[in-house]
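Enquirer: My structure is stored as protein_18.cif, with mmCIF, C-alpha atoms and all ligand atoms.
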data_start
#
loop_
_atom_site.label_atom_id
_atom_site.label_comp_id
_atom_site.auth_asym_id
_atom_site.auth_seq_id
_atom_site.Cartn_x
_atom_site.Cartn_y
_atom_site.Cartn_z
CA MET A 773 -5.81 6.63 -22.10
CA ASN A 774 -4.64 3.06 -21.83
CA GLU A 775 -7.55 0.89 -20.59
CA ASP A 776 -5.22 -1.33 -18.55
CA MET A 777 -3.93 1.57 -16.49
CA LEU A 778 -5.25 1.53 -12.95
CA ILE A 779 -3.35 4.42 -11.42
CA GLU A 780 -1.07 7.05 -12.87
CA ALA A 781 0.94 9.69 -11.03
CA ARG A 782 2.03 12.54 -13.27
CA ASN A 783 4.81 14.88 -12.24
CA LEU A 784 3.65 14.46 -8.66
CA THR A 785 5.30 16.85 -6.21
CA MET A 786 4.94 17.54 -2.49
CA ARG A 787 6.71 20.35 -0.71
CA PHE A 788 6.72 20.84 3.03
CA GLY A 789 8.12 24.35 3.49
CA GLY A 790 11.66 24.13 2.16
CA VAL A 791 11.65 20.33 1.88
CA THR A 792 10.62 18.75 -1.43
CA ALA A 793 9.56 15.31 -0.18
CA VAL A 794 8.35 14.09 -3.59
CA ASP A 795 9.80 15.75 -6.65
CA GLY A 796 8.11 15.33 -10.03
CA VAL A 797 7.38 11.59 -9.87
CA ASP A 798 5.75 9.79 -12.82
CA LEU A 799 4.56 6.28 -12.01
CA SER A 800 1.95 4.04 -13.65
CA VAL A 801 0.53 0.76 -12.42
CA ARG A 802 -1.67 -1.50 -14.52
CA TYR A 803 -4.31 -4.03 -13.57
CA GLY A 804 -2.62 -7.25 -12.51
CA GLU A 805 0.58 -5.54 -11.39
CA LEU A 806 2.37 -5.97 -8.12
CA ARG A 807 4.70 -3.04 -7.64
CA CYS A 808 7.19 -2.55 -4.83
CA LEU A 809 8.47 0.86 -3.80
CA ILE A 810 11.75 0.86 -1.97
CA GLY A 811 14.27 3.49 -0.97
CA PRO A 812 16.20 4.76 2.02
CA ASN A 813 14.54 6.51 4.96
CA GLY A 814 13.15 9.89 4.02
CA ALA A 815 13.10 9.11 0.28
CA GLY A 816 9.44 10.16 0.02
CA LYS A 817 7.67 6.79 -0.20
CA SER A 818 5.08 7.41 2.53
CA THR A 819 4.40 10.92 1.28
CA PHE A 820 3.85 9.52 -2.22
CA PHE A 821 1.35 6.95 -0.85
CA LYS A 822 -0.50 9.67 1.05
CA MET A 823 -0.95 11.63 -2.16
CA LEU A 824 -2.29 8.58 -4.02
CA SER A 825 -4.83 7.89 -1.28
CA GLY A 826 -5.94 11.50 -0.74
CA GLN A 827 -4.50 11.92 2.74
CA LEU A 828 -2.26 14.66 1.38
CA ARG A 829 -3.04 17.09 -1.41
CA PRO A 830 -0.05 17.36 -3.77
CA SER A 831 1.69 20.72 -4.21
CA SER A 832 1.51 20.03 -7.96
CA GLY A 833 1.02 17.24 -10.46
CA ASP A 834 -1.88 14.85 -10.97
CA VAL A 835 -3.11 11.41 -9.90
CA LEU A 836 -5.49 9.51 -12.19
CA LEU A 837 -7.38 6.52 -10.79
CA LYS A 838 -8.96 4.55 -13.66
CA GLY A 839 -8.43 7.59 -15.86
CA ARG A 840 -10.06 10.08 -13.51
CA SER A 841 -8.21 12.79 -11.60
CA ILE A 842 -8.60 12.29 -7.86
CA VAL A 843 -6.53 15.23 -6.67
CA GLY A 844 -8.48 17.23 -4.10
CA MET A 845 -11.05 14.49 -3.48
CA PRO A 846 -11.57 13.42 0.14
CA ALA A 847 -9.87 10.12 1.00
CA SER A 848 -13.27 8.51 1.70
CA ARG A 849 -14.41 9.21 -1.87
CA ILE A 850 -11.17 7.87 -3.33
CA ALA A 851 -11.71 4.72 -1.25
CA ARG A 852 -15.21 4.32 -2.72
CA LEU A 853 -13.72 4.69 -6.20
CA GLY A 854 -11.71 1.54 -5.54
CA LEU A 855 -8.56 2.38 -3.60
CA GLY A 856 -7.80 0.51 -0.37
CA LEU A 857 -5.04 1.69 1.94
CA LYS A 858 -3.81 -0.40 4.82
CA THR A 859 -3.21 1.84 7.79
CA GLN A 860 -3.06 1.04 11.46
CA VAL A 861 -6.57 0.24 12.53
CA PRO A 862 -7.84 2.79 15.05
CA SER A 863 -8.01 1.58 18.64
CA VAL A 864 -11.81 1.87 18.54
CA PHE A 865 -11.72 -1.51 16.77
CA ALA A 866 -9.80 -3.14 19.62
CA GLY A 867 -12.99 -4.00 21.53
CA LEU A 868 -14.72 -5.53 18.49
CA SER A 869 -14.55 -9.11 17.34
CA VAL A 870 -12.57 -9.80 14.17
CA GLY A 871 -15.80 -10.82 12.36
CA LYS A 872 -17.56 -7.61 13.36
CA GLY A 873 -14.61 -5.39 12.43
CA VAL A 874 -14.16 -6.95 8.98
CA GLY A 875 -17.97 -6.82 8.54
CA LEU A 876 -17.96 -3.08 9.22
CA ALA A 877 -15.18 -2.63 6.67
CA ALA A 878 -17.14 -4.63 4.06
CA GLY A 879 -20.20 -2.52 4.90
CA ARG A 880 -18.49 0.48 3.34
CA THR A 881 -19.54 -0.85 -0.06
CA LEU A 882 -22.26 -3.42 0.75
CA PRO A 883 -25.60 -3.62 2.60
CA PRO A 884 -25.35 -5.27 6.06
CA SER A 885 -26.45 -8.83 5.18
CA LEU A 886 -24.06 -9.03 2.22
CA ALA A 887 -21.33 -7.36 4.27
CA ARG A 888 -21.52 -10.19 6.83
CA GLN A 889 -21.22 -12.78 4.07
CA ARG A 890 -18.33 -10.90 2.49
CA ALA A 891 -16.55 -10.65 5.84
CA ALA A 892 -16.87 -14.40 6.39
CA ALA A 893 -15.65 -15.12 2.85
CA THR A 894 -12.70 -12.73 3.26
CA LEU A 895 -11.59 -14.33 6.53
CA GLU A 896 -11.86 -17.75 4.91
CA ARG A 897 -9.86 -16.69 1.86
CA MET A 898 -7.13 -15.26 4.08
CA GLY A 899 -6.92 -18.37 6.24
CA ILE A 900 -7.94 -16.55 9.43
CA ALA A 901 -11.55 -17.72 9.82
CA HIS A 902 -10.57 -19.27 13.17
CA LEU A 903 -9.99 -15.75 14.53
CA ARG A 904 -13.56 -14.61 13.82
CA ASP A 905 -14.75 -14.39 17.43
CA ARG A 906 -11.51 -13.09 18.91
CA LEU A 907 -11.28 -9.45 19.97
CA VAL A 908 -9.08 -7.40 17.63
CA GLY A 909 -7.28 -5.88 20.64
CA GLU A 910 -6.23 -9.33 21.93
CA LEU A 911 -4.45 -10.51 18.78
CA ALA A 912 -0.72 -11.01 18.40
CA HIS A 913 0.96 -8.45 16.15
CA GLY A 914 1.15 -10.57 13.00
CA GLN A 915 -2.42 -11.81 13.33
CA ARG A 916 -3.59 -8.25 13.75
CA GLN A 917 -1.74 -7.27 10.57
CA LEU A 918 -3.62 -9.98 8.66
CA VAL A 919 -6.93 -8.79 10.14
CA GLU A 920 -6.11 -5.22 9.15
CA LEU A 921 -5.40 -6.49 5.64
CA ALA A 922 -8.76 -8.31 5.67
CA MET A 923 -10.42 -4.98 6.49
CA VAL A 924 -8.79 -3.40 3.44
CA VAL A 925 -9.60 -6.31 1.13
CA ALA A 926 -13.20 -6.90 2.24
CA PRO A 927 -14.72 -3.99 0.24
CA GLN A 928 -12.91 -5.44 -2.84
CA PRO A 929 -10.82 -2.44 -3.88
CA ASP A 930 -9.21 -2.45 -7.35
CA LEU A 931 -5.96 -1.03 -6.01
CA VAL A 932 -4.47 -1.93 -2.62
CA LEU A 933 -1.69 0.18 -1.08
CA LEU A 934 0.35 -1.49 1.66
CA ASP A 935 2.94 0.34 3.74
CA GLU A 936 5.45 -2.14 5.21
CA PRO A 937 2.95 -4.97 5.63
CA ALA A 938 5.56 -7.60 6.59
CA ALA A 939 7.00 -5.62 9.52
CA GLY A 940 7.01 -7.64 12.73
CA MET A 941 5.46 -10.77 11.18
CA THR A 942 6.69 -14.31 11.77
CA GLY A 943 8.15 -16.24 8.82
CA GLU A 944 4.95 -18.20 8.41
CA GLU A 945 2.82 -15.05 8.45
CA VAL A 946 5.09 -13.45 5.84
CA GLU A 947 4.61 -16.50 3.60
CA ARG A 948 0.85 -16.23 3.92
CA LEU A 949 0.99 -12.48 3.30
CA ALA A 950 3.04 -13.03 0.13
CA ASP A 951 0.47 -15.53 -1.20
CA LEU A 952 -2.38 -13.16 -0.41
CA VAL A 953 -0.72 -10.23 -2.06
CA VAL A 954 -0.11 -12.23 -5.23
CA GLU A 955 -3.73 -13.36 -5.19
CA LEU A 956 -4.96 -9.77 -4.89
CA THR A 957 -3.39 -8.97 -8.26
CA ARG A 958 -5.85 -11.35 -9.96
CA SER A 959 -8.63 -8.82 -9.51
CA GLY A 960 -6.66 -5.58 -9.39
CA ALA A 961 -3.22 -4.30 -8.47
CA VAL A 962 -1.10 -3.86 -5.37
CA ILE A 963 1.55 -1.28 -4.53
CA ILE A 964 3.76 -2.06 -1.55
CA VAL A 965 6.32 -0.02 0.34
CA GLU A 966 8.59 -2.56 1.96
CA HIS A 967 12.07 -2.79 3.45
CA ASP A 968 12.19 -6.58 3.67
CA MET A 969 14.26 -7.50 0.59
CA GLN A 970 13.51 -11.22 0.82
CA PHE A 971 9.82 -10.46 0.75
CA ILE A 972 10.35 -8.16 -2.23
CA GLN A 973 12.33 -10.75 -4.14
CA ARG A 974 9.69 -13.32 -3.48
CA ILE A 975 6.73 -11.26 -4.71
CA ALA A 976 7.81 -8.37 -6.89
CA ARG A 977 7.92 -8.17 -10.63
CA ILE A 978 8.75 -4.49 -10.98
CA VAL A 979 10.50 -2.47 -8.30
CA THR A 980 10.61 1.33 -8.22
CA VAL A 981 13.41 2.86 -6.16
CA PHE A 982 12.86 6.29 -4.61
CA ASN A 983 15.72 8.49 -3.53
CA ARG A 984 15.45 12.08 -2.37
CA GLY A 985 11.89 12.38 -3.66
CA LYS A 986 12.66 11.15 -7.18
CA VAL A 987 12.56 7.82 -8.99
CA LEU A 988 16.17 6.59 -9.09
CA VAL A 989 15.65 3.30 -10.93
CA GLU A 990 12.70 1.19 -12.03
CA GLY A 991 12.77 -2.34 -13.38
CA PRO A 992 12.58 -6.08 -12.66
CA ALA A 993 13.36 -6.94 -9.01
CA ASP A 994 16.57 -8.88 -9.66
CA ALA A 995 18.08 -6.21 -11.88
CA VAL A 996 17.14 -3.37 -9.54
CA LEU A 997 18.38 -5.06 -6.39
CA SER A 998 21.77 -5.73 -7.97
CA ASP A 999 22.08 -2.21 -9.45
CA ALA A 1000 25.13 -0.36 -8.11
CA ARG A 1001 23.22 2.93 -7.83
CA VAL A 1002 20.65 1.26 -5.59
CA ARG A 1003 23.32 -0.31 -3.38
CA ASP A 1004 25.00 3.08 -3.10
CA VAL A 1005 21.93 4.92 -1.84
CA TYR A 1006 21.25 2.18 0.71
CA LEU A 1007 24.82 2.40 1.93
CA GLY A 1008 24.55 6.20 2.03
CA ARG A 1009 26.95 6.75 -0.88
CA GLU A 1010 25.51 9.10 -3.44
CA ALA A 1011 26.17 8.29 -7.07
CA ALA A 1012 25.28 11.81 -8.20
N1 LIG B 1 4.23 16.43 7.37
C1 LIG B 1 5.50 16.71 7.07
N2 LIG B 1 6.04 17.92 7.31
C2 LIG B 1 7.31 18.19 6.99
N3 LIG B 1 8.16 17.33 6.41
C3 LIG B 1 7.70 16.10 6.15
C4 LIG B 1 6.36 15.72 6.47
N4 LIG B 1 6.18 14.42 6.08
C5 LIG B 1 7.36 14.02 5.55
N5 LIG B 1 8.27 15.02 5.60
C6 LIG B 1 9.64 14.97 5.08
O1 LIG B 1 9.57 14.52 3.75
C7 LIG B 1 10.65 13.64 3.45
C8 LIG B 1 10.12 12.31 2.95
O2 LIG B 1 9.49 11.61 4.04
P1 LIG B 1 8.70 10.24 3.86
O3 LIG B 1 8.16 9.89 5.21
O4 LIG B 1 7.74 10.36 2.75
O5 LIG B 1 9.87 9.26 3.47
P2 LIG B 1 9.87 7.66 3.43
O6 LIG B 1 10.58 7.28 2.20
O7 LIG B 1 8.50 7.15 3.63
O8 LIG B 1 10.76 7.30 4.70
P3 LIG B 1 10.68 6.00 5.69
O9 LIG B 1 11.18 4.83 4.90
O10 LIG B 1 11.62 6.41 6.80
O11 LIG B 1 9.25 5.88 6.13
C9 LIG B 1 11.49 13.56 4.73
O12 LIG B 1 12.53 14.50 4.62
C10 LIG B 1 10.51 13.95 5.80
O13 LIG B 1 11.18 14.52 6.91
#
Is it possible to express this structure as structure tokens?

Expert:
Amino acid sequence: MNEDMLIEARNLTMRFGGVTAVDGVDLSVRYGELRCLIGPNGAGKSTFFKMLSGQLRPSSGDVLLKGRSIVGMPASRIARLGLGLKTQVPSVFAGLSVGKGVGLAAGRTLPPSLARQRAAATLERMGIAHLRDRLVGELAHGQRQLVELAMVVAPQPDLVLLDEPAAGMTGEEVERLADLVVELTRSGAVIIVEHDMQFIQRIARIVTVFNRGKVLVEGPADAVLSDARVRDVYLGREAA
């Protein structure tokens, strides 16, 4: 195995009854990589993410995290092995302060006193320390997205999966998000599903395009975004 490889999907497939949502996908991401997954609605991106994070068990194929198969492991164990997934934070967090919520997230991997320190450091690093005493439920949408990201980052995962993190953010928040995402690749890797092409062009090195459950094209952002096959699937014209 290549030591630099953080996660590898091998021939990964997910069938829901007669629908093959993900169809034999191979994808590898190394330490230091920032990978974007794009593709039209229903292409299989979310289903693929759910298989990487253990929310869905693949119909067939394998997922190796740091060289170890994680298929069939509970999502909580995969998280402890170093995978962080940004999901919508459950409403139970709405009544907690930002500091407390991020502290609880850090406490997944650290004892309480260190978790508090880590939470404070994470909020500082993300430029949202001023929100520490605010209730999560009172935050504006974009601020809440950054707090949710802080909850993912606080336990210091090696791999961070983000599903449409820029949705609904202001321009300034998107800028901050882009900086943070790039910074996260210093200690690990990030995979992002995103529809915002400007955001993708700003941050991505390699883009993987999904279509109908398969990888259509993979390569540097500029080349992929100007590829005729990619334009066709977004416009609903099938090349094949
Ligand atoms: N739990 C499920 N049961 C049945 N079919 C499903 C299920 N989840 C997803 N699908 C189907 O699998 C296919 C891929 O869906 P998926 O949500 O992974 O696509 P996506 O690329 O994330 O789309 P979007 O960009 O709209 O979020 C779709 O045809 C969808 O209807």

Enquirer: Do you know which residues are within 8 Å of ligand LIG 1 (chain B) using all atoms listed in the file? Can you write them as a VMD selection string?

Expert: chain A and resid 787 to 789 791 to 794 810 to 820 967 982 to 985

Enquirer: When distances are computed from all atoms listed in the file, which of A:Arg807, A:Leu911, A:Gly940, A:Ala926 shows the smallest separation from Val965 of chain A?

Expert: A:Arg807

Enquirer: Give me, please, the distance in Å between atom CA of Leu809 of chain A and atom CA of Gly839 of chain A, quoted to one decimal.

Expert: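 Distance reported for this atom pair: 21.8 Å.
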
Enquirer: For Asp951 of chain A, which of A:Ile975, A:Ile964, A:Ala781, A:Leu799 is the closest residue, counting only C-alpha atoms?

Expert: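 That would be A:Ile975, the residue with the smallest distance to Asp951 of chain A.
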
Enquirer: Skipping near chain neighbours, those fewer than 5 positions away, what residues fall within 9 Å of Ala851 of chain A using all atoms listed in the file, listed as a VMD selection string?

Expert: chain A and resid 825 to 826 846 856 to 857 929

Enquirer: Now that the selection is made, can you save its residues with C-alpha atoms as an mmCIF file, in the frame of the given file?

Expert:
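Full text of selection.cif as output:
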data_model
loop_
_atom_site.group_PDB
_atom_site.id
_atom_site.type_symbol
_atom_site.label_atom_id
_atom_site.label_comp_id
_atom_site.auth_asym_id
_atom_site.auth_seq_id
_atom_site.Cartn_x
_atom_site.Cartn_y
_atom_site.Cartn_z
ATOM 1 C CA SER A 825 -4.830 7.890 -1.280
ATOM 2 C CA GLY A 826 -5.940 11.500 -0.740
ATOM 3 C CA PRO A 846 -11.570 13.420 0.140
ATOM 4 C CA GLY A 856 -7.800 0.510 -0.370
ATOM 5 C CA LEU A 857 -5.040 1.690 1.940
ATOM 6 C CA PRO A 929 -10.820 -2.440 -3.880
#
